[in-house]
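J.: Just one file: entry-v5.txt, with compact mmCIF, C-alpha atoms.
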```txt
# COMPACT_ATOMS: atom_id res chain seq x y z
CA MET Y 1 1.86 22.39 46.82
CA GLY Y 2 -0.77 19.67 46.62
CA PRO Y 3 -4.51 20.28 47.15
CA GLY Y 4 -4.45 18.36 50.48
CA TRP Y 5 -1.87 20.68 52.03
CA THR Y 6 -3.74 23.71 50.73
CA LEU Y 7 -6.96 22.55 52.42
CA PHE Y 8 -5.12 21.81 55.67
CA LEU Y 9 -3.56 25.29 55.80
CA GLU Y 10 -6.90 26.94 55.00
CA ILE Y 11 -8.66 25.04 57.80
CA LEU Y 12 -5.81 25.90 60.19
CA GLY Y 13 -6.11 29.59 59.25
CA ALA Y 14 -9.88 29.49 59.73
CA ILE Y 15 -9.48 27.96 63.22
CA ALA Y 16 -6.90 30.61 64.13
CA SER Y 17 -9.23 33.36 62.85
CA LEU Y 18 -12.07 31.86 64.87
CA ALA Y 19 -9.94 31.82 68.04
CA VAL Y 20 -8.93 35.47 67.53
CA VAL Y 21 -12.54 36.50 66.91
CA LEU Y 22 -13.75 34.71 70.03
CA ASP Y 23 -10.95 36.23 72.12
CA TYR Y 24 -11.84 39.69 70.77
CA PHE Y 25 -15.38 39.31 72.03
CA GLY Y 26 -14.19 38.02 75.37
CA ILE Y 27 -15.24 34.42 74.84
CA LYS Y 28 -12.78 31.93 76.28
CA PRO Y 29 -13.01 28.18 76.90
CA THR Y 30 -13.35 28.75 80.68
CA ALA Y 31 -16.51 30.80 80.34
CA GLU Y 32 -19.62 29.08 81.66
CA ALA Y 33 -22.23 30.92 79.62
CA TRP Y 34 -21.37 32.79 76.42
CA GLY Y 35 -24.60 34.69 76.38
CA SER Y 36 -23.95 36.36 79.76
CA ILE Y 37 -20.52 37.68 78.70
CA MET Y 38 -21.34 39.89 75.66
CA ALA Y 39 -24.00 42.41 74.73
CA LEU Y 40 -26.62 41.91 71.98
CA SER Y 41 -24.74 44.04 69.43
CA GLN Y 42 -21.62 41.98 69.97
CA LYS Y 43 -23.63 38.78 69.45
CA TRP Y 44 -24.72 40.00 66.01
CA LYS Y 45 -21.16 40.83 65.08
CA LEU Y 46 -20.05 37.42 66.36
CA GLY Y 47 -22.71 35.68 64.27
CA ILE Y 48 -21.59 37.55 61.13
CA MET Y 49 -17.92 36.72 61.77
CA LEU Y 50 -18.71 33.06 62.39
CA GLY Y 51 -20.80 32.98 59.21
CA LEU Y 52 -17.89 34.39 57.21
CA VAL Y 53 -15.52 31.83 58.74
CA GLY Y 54 -17.97 29.02 57.88
CA LEU Y 55 -18.33 30.31 54.33
CA THR Y 56 -14.55 30.36 54.01
CA LEU Y 57 -14.38 26.76 55.16
CA TRP Y 58 -17.09 25.75 52.69
CA PHE Y 59 -15.31 27.39 49.77
CA SER Y 60 -12.04 25.72 50.83
CA GLY Y 61 -13.70 22.30 50.97
CA TYR Y 62 -15.41 22.84 47.62
CA GLY Y 63 -12.10 23.88 46.03
CA PHE Y 64 -10.44 20.75 47.44
CA TYR Y 65 -13.24 18.55 46.05
CA ARG Y 66 -12.95 20.15 42.60
CA SER Y 67 -9.19 19.62 42.62
CA LEU Y 68 -9.78 15.88 43.11
CA HIS Y 69 -12.78 15.71 40.72
CA PRO Y 70 -12.22 18.32 38.00
CA ARG Y 71 -15.14 19.17 35.79
CA ILE Y 72 -14.43 18.24 32.19
CA VAL Y 73 -16.11 20.43 29.64
CA GLU Y 74 -16.05 19.23 26.06
CA LYS Y 75 -16.18 21.89 23.43
CA ILE Y 76 -16.79 20.93 19.84
CA VAL Y 77 -15.15 23.24 17.35
CA GLU Y 78 -16.51 22.96 13.86
CA LYS Y 79 -14.14 23.95 11.10
CA PRO Y 80 -15.39 24.70 7.62
CA VAL Y 81 -14.37 22.06 5.09
CA ASP Y 82 -14.09 22.84 1.43
CA LYS Y 83 -16.44 20.56 -0.44
CA ILE Y 84 -15.84 19.44 -3.97
CA VAL Y 85 -19.02 19.80 -5.95
CA GLU Y 86 -19.30 17.67 -9.04
CA ARG Y 87 -21.54 18.89 -11.78
CA ILE Y 88 -22.76 16.80 -14.65
CA VAL Y 89 -22.89 18.82 -17.85
CA GLN Y 90 -25.24 17.42 -20.41
CA ALA Y 91 -24.06 17.62 -23.98
CA ASP Y 92 -25.49 16.32 -27.19
CA CYS Y 93 -23.72 13.40 -28.81
CA PRO Y 94 -21.76 14.37 -31.92
CA LYS Y 95 -23.53 13.53 -35.13
CA VAL Y 96 -21.76 11.44 -37.71
CA GLN Y 97 -21.88 13.01 -41.12
CA THR Y 98 -21.76 10.72 -44.13
CA ARG Y 99 -20.36 11.87 -47.43
CA SER Y 100 -21.77 10.59 -50.66
CA SER Y 101 -19.73 9.96 -53.80
CA LYS Y 102 -19.32 12.93 -56.11
CA GLY Y 103 -22.14 13.13 -58.59
CA LYS Y 104 -23.98 10.20 -57.06
CA SER Y 105 -26.80 10.32 -54.58
CA PRO Y 106 -26.90 7.72 -51.85
CA ALA Y 107 -29.17 4.81 -52.63
CA LYS Y 108 -32.34 4.66 -50.63
CA LYS Y 109 -32.88 1.65 -48.43
CA GLU Y 110 -35.86 -0.45 -49.11
CA LYS Y 111 -38.27 -0.89 -46.30
CA GLY Y 112 -37.68 -4.16 -44.43
CA ALA Y 113 -34.33 -4.85 -46.14
CA ALA Y 114 -31.48 -5.76 -43.76
CA THR Y 115 -28.01 -4.33 -44.29
CA PRO Y 116 -25.30 -6.99 -44.05
CA PRO Y 117 -22.66 -6.13 -41.45
CA SER Y 118 -19.31 -5.04 -42.81
CA VAL Y 119 -16.39 -7.31 -41.96
CA ALA Y 120 -12.94 -5.79 -41.66
CA GLN Y 121 -10.40 -7.75 -43.64
CA PRO Y 122 -7.39 -8.58 -41.42
CA GLN Y 123 -4.07 -7.48 -42.79
CA GLN Y 124 -1.20 -9.88 -42.90
CA GLN Y 125 1.32 -9.15 -40.16
CA THR Y 126 4.91 -10.30 -40.12
CA LEU Y 127 7.21 -10.14 -37.09
CA PHE Y 128 10.96 -9.94 -37.54
CA CYS Y 129 13.26 -10.34 -34.52
CA GLU Y 130 16.99 -9.95 -34.48
CA GLY Y 131 19.25 -9.16 -31.54
CA GLY Y 132 16.36 -8.64 -29.13
CA ASN Y 133 14.71 -5.92 -31.32
CA CYS Y 134 11.49 -6.62 -33.22
CA ALA Y 135 9.92 -4.89 -36.23
CA GLN Y 136 6.33 -5.45 -37.27
CA SER Y 137 5.02 -5.10 -40.82
CA SER Y 138 1.30 -4.98 -41.66
CA GLY Y 139 0.37 -5.72 -45.27
CA GLN Y 140 3.64 -4.38 -46.62
CA THR Y 141 5.36 -5.96 -49.60
CA GLY Y 142 8.68 -4.17 -49.58
CA GLY Y 143 10.73 -1.27 -48.33
CA VAL Y 144 11.14 -0.17 -44.71
CA THR Y 145 8.92 -1.92 -42.18
CA ALA Y 146 5.86 -0.05 -40.97
CA GLY Y 147 6.93 0.25 -37.33
CA VAL Y 148 9.72 -0.77 -34.97
CA VAL Y 149 9.07 -1.93 -31.41
CA VAL Y 150 12.16 -2.00 -29.19
CA ASP Y 151 12.29 -3.53 -25.70
CA THR Y 152 12.34 -0.75 -23.08
CA PRO Y 153 14.74 -1.34 -21.50
CA PRO Y 154 16.39 -3.93 -23.80
CA LEU Y 155 16.17 -7.45 -22.40
CA LYS Y 156 19.25 -8.39 -20.40
CA ILE Y 157 19.69 -11.94 -19.14
CA THR Y 158 21.95 -12.65 -16.15
CA TRP Y 159 22.60 -16.03 -14.61
CA THR Y 160 24.45 -17.78 -11.81
CA VAL Y 161 25.37 -21.45 -11.45
CA HIS Y 162 26.51 -23.75 -8.66
CA GLU Y 163 26.68 -27.47 -8.03
CA SER Y 164 23.58 -29.11 -6.56
CA VAL Y 165 22.28 -32.52 -5.54
CA SER Y 166 20.72 -34.27 -8.51
CA ASP Y 167 16.99 -34.96 -8.41
CA LYS Y 168 17.71 -38.29 -10.12
CA PRO Y 169 21.03 -39.49 -8.66
CA ALA Y 170 20.60 -43.04 -9.91
CA ASP Y 171 20.43 -42.02 -13.58
CA PHE Y 172 22.29 -38.68 -13.51
CA PRO Y 173 24.63 -38.32 -10.50
CA TYR Y 174 25.98 -34.89 -11.55
CA ALA Y 175 23.87 -31.72 -11.52
CA GLN Y 176 24.26 -27.96 -11.84
CA GLN Y 177 21.63 -25.45 -10.65
CA VAL Y 178 21.19 -22.33 -12.78
CA ARG Y 179 19.31 -19.21 -11.64
CA VAL Y 180 18.26 -16.91 -14.49
CA SER Y 181 17.24 -13.27 -13.91
CA VAL Y 182 16.00 -10.59 -16.30
CA ASN Y 183 15.85 -6.81 -16.04
CA THR Y 184 12.36 -6.44 -17.52
CA LEU Y 185 9.21 -8.46 -18.10
CA TYR Y 186 9.86 -11.39 -20.46
CA THR Y 187 7.19 -13.59 -22.06
CA PRO Y 188 6.96 -16.06 -23.68
CA VAL Y 189 10.14 -17.44 -22.13
CA SER Y 190 12.45 -19.26 -24.53
CA LEU Y 191 16.03 -20.00 -23.36
CA ALA Y 192 18.96 -22.24 -24.20
CA ILE Y 193 21.66 -23.33 -21.74
CA ILE Y 194 24.99 -24.23 -23.35
CA CYS Y 195 27.30 -26.67 -21.54
CA ASP Y 196 30.87 -27.80 -22.23
CA SER Y 197 30.08 -31.52 -22.47
CA GLU Y 198 27.25 -33.99 -22.91
CA ILE Y 199 24.24 -33.59 -20.64
CA GLY Y 200 21.23 -35.79 -20.10
CA GLU Y 201 18.22 -33.93 -18.72
CA ILE Y 202 16.81 -30.52 -17.76
CA SER Y 203 14.19 -29.50 -15.17
CA VAL Y 204 12.63 -26.06 -14.73
CA TYR Y 205 11.02 -25.50 -11.32
CA GLY Y 206 7.58 -23.87 -11.05
CA ALA Y 207 4.07 -24.17 -12.44
CA LEU Y 208 4.50 -23.50 -16.16
CA LEU Y 209 1.95 -23.39 -18.97
CA ASN Y 210 2.66 -24.86 -22.43
CA PHE Y 211 6.08 -26.05 -21.29
CA THR Y 212 8.46 -27.69 -23.79
CA SER Y 213 12.07 -28.77 -23.14
CA GLY Y 214 14.77 -30.95 -24.66
CA ILE Y 215 18.47 -31.53 -25.40
CA SER Y 216 20.08 -30.38 -28.64
CA GLU Y 217 23.49 -31.50 -29.96
CA LYS Y 218 23.97 -33.40 -26.68
CA HIS Y 219 25.31 -30.33 -24.83
CA ILE Y 220 22.58 -27.66 -25.25
CA ALA Y 221 19.50 -27.75 -23.03
CA PHE Y 222 16.52 -25.70 -24.19
CA PHE Y 223 13.02 -24.94 -22.96
CA LYS Y 224 10.11 -22.58 -23.53
CA TYR Y 225 6.76 -21.78 -21.91
CA SER Y 226 4.02 -19.20 -22.31
CA SER Y 227 3.07 -18.46 -18.72
CA PRO Y 228 3.81 -17.08 -16.15
CA VAL Y 229 5.71 -13.95 -17.10
CA LEU Y 230 9.36 -13.93 -16.03
CA THR Y 231 9.91 -10.83 -13.87
CA PRO Y 232 13.02 -9.22 -12.35
CA GLU Y 233 11.65 -9.92 -8.86
CA GLU Y 234 11.34 -13.70 -9.32
CA PRO Y 235 14.34 -15.45 -10.92
CA LEU Y 236 13.93 -18.79 -12.69
CA THR Y 237 15.56 -21.90 -11.19
CA ILE Y 238 16.77 -24.68 -13.50
CA GLN Y 239 18.62 -27.95 -12.90
CA ILE Y 240 20.84 -29.56 -15.55
CA ARG Y 241 21.75 -33.23 -14.97
CA ALA Y 242 24.36 -35.46 -16.59
CA LYS Y 243 26.18 -38.77 -16.16
CA GLN Y 244 29.63 -37.13 -16.01
CA PRO Y 245 30.98 -33.80 -14.70
CA PHE Y 246 30.19 -30.75 -16.81
CA LEU Y 247 30.18 -26.94 -16.73
CA VAL Y 248 27.61 -24.37 -17.83
CA LYS Y 249 29.13 -21.98 -20.36
CA ASP Y 250 26.29 -19.62 -21.29
CA VAL Y 251 22.54 -18.89 -21.11
CA GLN Y 252 21.01 -17.31 -24.20
CA ARG Y 253 17.66 -16.31 -25.59
CA ALA Y 254 16.58 -18.94 -28.09
CA LYS Y 255 14.11 -19.33 -30.92
CA ILE Y 256 12.36 -22.67 -30.47
CA ASN Y 257 9.84 -23.90 -33.04
```
Just give me the structure of the file as C-alpha cells.
T.:
Amino acid sequence: MGPGWTLFLEILGAIASLAVVLDYFGIKPTAEAWGSIMALSQKWKLGIMLGLVGLTLWFSGYGFYRSLHPRIVEKIVEKPVDKIVERIVQADCPKVQTRSSKGKSPAKKEKGAATPPSVAQPQQQTLFCEGGNCAQSSGQTGGVTAGVVVDTPPLKITWTVHESVSDKPADFPYAQQVRVSVNTLYTPVSLAIICDSEIGEISVYGALLNFTSGISEKHIAFFKYSSPVLTPEEPLTIQIRAKQPFLVKDVQRAKIN
C-alpha cells in the first residue's frame, strides 16, 4: 500500500475515534454549548483524548512526509589497506682487487703523469649463412665455429599472387601482384621473385630505406632494403610488370651484394 493511502486511512481512523470520544462525553453536533453539557472532570478527559488524537494525526503526517522525502544518511566505512613499504638498504660498493705479477711489485705512478686509456682491440668476426641458419666466428682460424645462432622460429616465407592492373600500362601492359608474408621478424629484407618468362620491371610498395631492386637473367626480379622490419602482421606488396603474359613461379630469400 502506498504512503498516500496509509495517511488517508490514519486520518479516517482519527476522525472516527474523535466522533466516538465526543459521543461518549455526550457532545453531538446539535448541542448549542459544549461547556454546559459536561462536568469539569469530563472536560479534562476530553482535552487529553483530543490531544492524543492530535498527536496521532501529527505523527501520521510526519510519517507521510518522511515517506516522500526520506532522509539519506551517508556512512563512510574505512577499510584497512595493506601498504607496501619500500626500504632502501645502503651497501658499500664492492672493491676491485688488482693482482700484481708474481715476483714483481706494481710500478708506482709518478705524480702528474697521465695514464693512457686502454683500447680494446676488435676481433675479426665472420658470418656464415646457409639454409636460413647463421654461424658467427670471432677471431677463429679453424675448427668448429664459436657459436651458432638459429632463427627462432626458422624463417618461413609464404606468398600469394594474382593479376593486377599495371602501374605503367603504356610500357608494360601485363602485371602480377605478389603479397609476401613471413612468420617472424625479418630484416634486412632481401628477396628474389622467379618468373617463367621475361619481365621488365618491379615495384615494392611502402616507404623503404636503402632500397635496391633490379632484374636478373631477364626473368628474376630482386630487391633488398634495410628498413622497416618485415613483420607477420604486415605483408609486403610487390608488382611485377612485363610486355607479355607471364607467371610467378617462386619467391625465395636471396643474397644480394
J.: With only C-alpha atoms as the atoms that count, which of Y:Leu230, Y:Ile256, Y:Ala170, Y:Ile215 lies nearest to Leu191 in chain Y?
T.: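 Under the stated criterion, the closest residue is Y:Ile256.
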J.: Record the distance separating CA of Ser213 in chain Y and CA of Lys156 in chain Y, expressed in Å with one decimal.
T.: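 These two atoms are separated by 21.8 Å.
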J.: Smallest atom-to-atom distance to Gln252 in chain Y: which of Y:Ser166, Y:Ser190, Y:Thr160, Y:Gln176, using all atoms listed in the file?
T.: Y:Ser190
J.: Just to confirm, what's the straight-line distance from CA of Ile220 in chain Y to CA of Pro153 in chain Y in Å (one decimal)?
T.: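 Going from CA of Ile220 in chain Y over to CA of Pro153 in chain Y, I get 27.7 Å.
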J.: Rank nothing, just name the residue among Y:Leu68, Y:Val189, Y:Cys195, Y:Leu7 nearest to Asn210 in chain Y, using only C-alpha atoms.
T.: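 So, comparing all the options, the nearest one is Y:Val189.
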J.: In Å to one decimal, how far is CA of Thr158 in chain Y from CA of Tyr225 in chain Y?
T.: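 A separation of 18.6 Å between them.
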J.: Can you pull out the residues contacting Val248 in chain Y? Cut-off 10 Å, using only C-alpha atoms, and skip same-chain residues under 5 positions away; I want them as a list of chain:residue names.
T.: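 The contact residues come out as Y:Thr160, Y:Val161, Y:His162, Y:Gln176, Y:Gln177, Y:Val178, Y:Ile193, Y:Ile194, Y:Cys195, Y:Asp196, Y:Ser197, Y:His219, Y:Ile220, Y:Ile240.
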J.: Using all atoms listed in the file, which of Y:Ser181, Y:Leu236, Y:Glu10, Y:Ala19 sits nearest Trp58 in chain Y?
T.: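 Using all atoms listed in the file, the shortest distance to Trp58 in chain Y belongs to Y:Glu10.
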J.: Here is a test: counting all atoms listed in the file, which residue of Y:Leu208, Y:Val251, Y:Val165, Y:Leu155 is nearest to Pro232 in chain Y?
T.: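 Smallest separation from Pro232 in chain Y among the options: Y:Leu155.
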J.: Near Phe172 in chain Y, within 8 Å and counting all atoms listed in the file, which residues show up once chain neighbours fewer than 6 positions away are dropped, as a list in words?
T.: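 So the residues in contact are Ser166, Gly200, Arg241, Ala242, Lys243 and Gln244 of chain Y.
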J.: Would you kindly place N, CA and C atoms on range 57-74 of chain Y and return the model as a short mmCIF file (atom, residue, chain, number, x, y, z; two decimals), in the coordinates of the input?
T.:
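Result file part.cif:
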```cif
data_model
loop_
_atom_site.label_atom_id
_atom_site.label_comp_id
_atom_site.auth_asym_id
_atom_site.auth_seq_id
_atom_site.Cartn_x
_atom_site.Cartn_y
_atom_site.Cartn_z
N LEU Y 57 -14.63 28.20 55.10
CA LEU Y 57 -14.38 26.76 55.16
C LEU Y 57 -15.12 26.01 54.06
N TRP Y 58 -16.33 26.45 53.75
CA TRP Y 58 -17.09 25.75 52.69
C TRP Y 58 -16.43 25.92 51.34
N PHE Y 59 -15.98 27.16 51.04
CA PHE Y 59 -15.31 27.39 49.77
C PHE Y 59 -14.00 26.60 49.68
N SER Y 60 -13.28 26.49 50.82
CA SER Y 60 -12.04 25.72 50.83
C SER Y 60 -12.32 24.25 50.55
N GLY Y 61 -13.35 23.71 51.22
CA GLY Y 61 -13.70 22.30 50.97
C GLY Y 61 -14.16 22.06 49.55
N TYR Y 62 -14.94 22.99 49.00
CA TYR Y 62 -15.41 22.84 47.62
C TYR Y 62 -14.24 22.91 46.63
N GLY Y 63 -13.28 23.82 46.90
CA GLY Y 63 -12.10 23.88 46.03
C GLY Y 63 -11.29 22.60 46.10
N PHE Y 64 -11.16 22.01 47.30
CA PHE Y 64 -10.44 20.75 47.44
C PHE Y 64 -11.16 19.63 46.69
N TYR Y 65 -12.48 19.58 46.76
CA TYR Y 65 -13.24 18.55 46.05
C TYR Y 65 -13.07 18.69 44.53
N ARG Y 66 -13.11 19.94 44.04
CA ARG Y 66 -12.95 20.15 42.60
C ARG Y 66 -11.55 19.82 42.13
N SER Y 67 -10.56 19.99 43.02
CA SER Y 67 -9.19 19.62 42.62
C SER Y 67 -9.04 18.12 42.46
N LEU Y 68 -9.82 17.34 43.25
CA LEU Y 68 -9.78 15.88 43.11
C LEU Y 68 -10.72 15.40 42.00
N HIS Y 69 -11.82 16.10 41.76
CA HIS Y 69 -12.78 15.71 40.72
C HIS Y 69 -12.99 16.91 39.79
N PRO Y 70 -12.07 17.15 38.90
CA PRO Y 70 -12.22 18.32 38.00
C PRO Y 70 -13.40 18.13 37.05
N ARG Y 71 -14.01 19.20 36.71
CA ARG Y 71 -15.14 19.17 35.79
C ARG Y 71 -14.58 19.28 34.36
N ILE Y 72 -14.93 18.30 33.57
CA ILE Y 72 -14.43 18.24 32.19
C ILE Y 72 -15.52 18.78 31.28
N VAL Y 73 -15.17 19.81 30.57
CA VAL Y 73 -16.11 20.43 29.64
C VAL Y 73 -15.61 20.19 28.23
N GLU Y 74 -16.42 19.51 27.45
CA GLU Y 74 -16.05 19.23 26.06
C GLU Y 74 -16.63 20.31 25.16
#
```
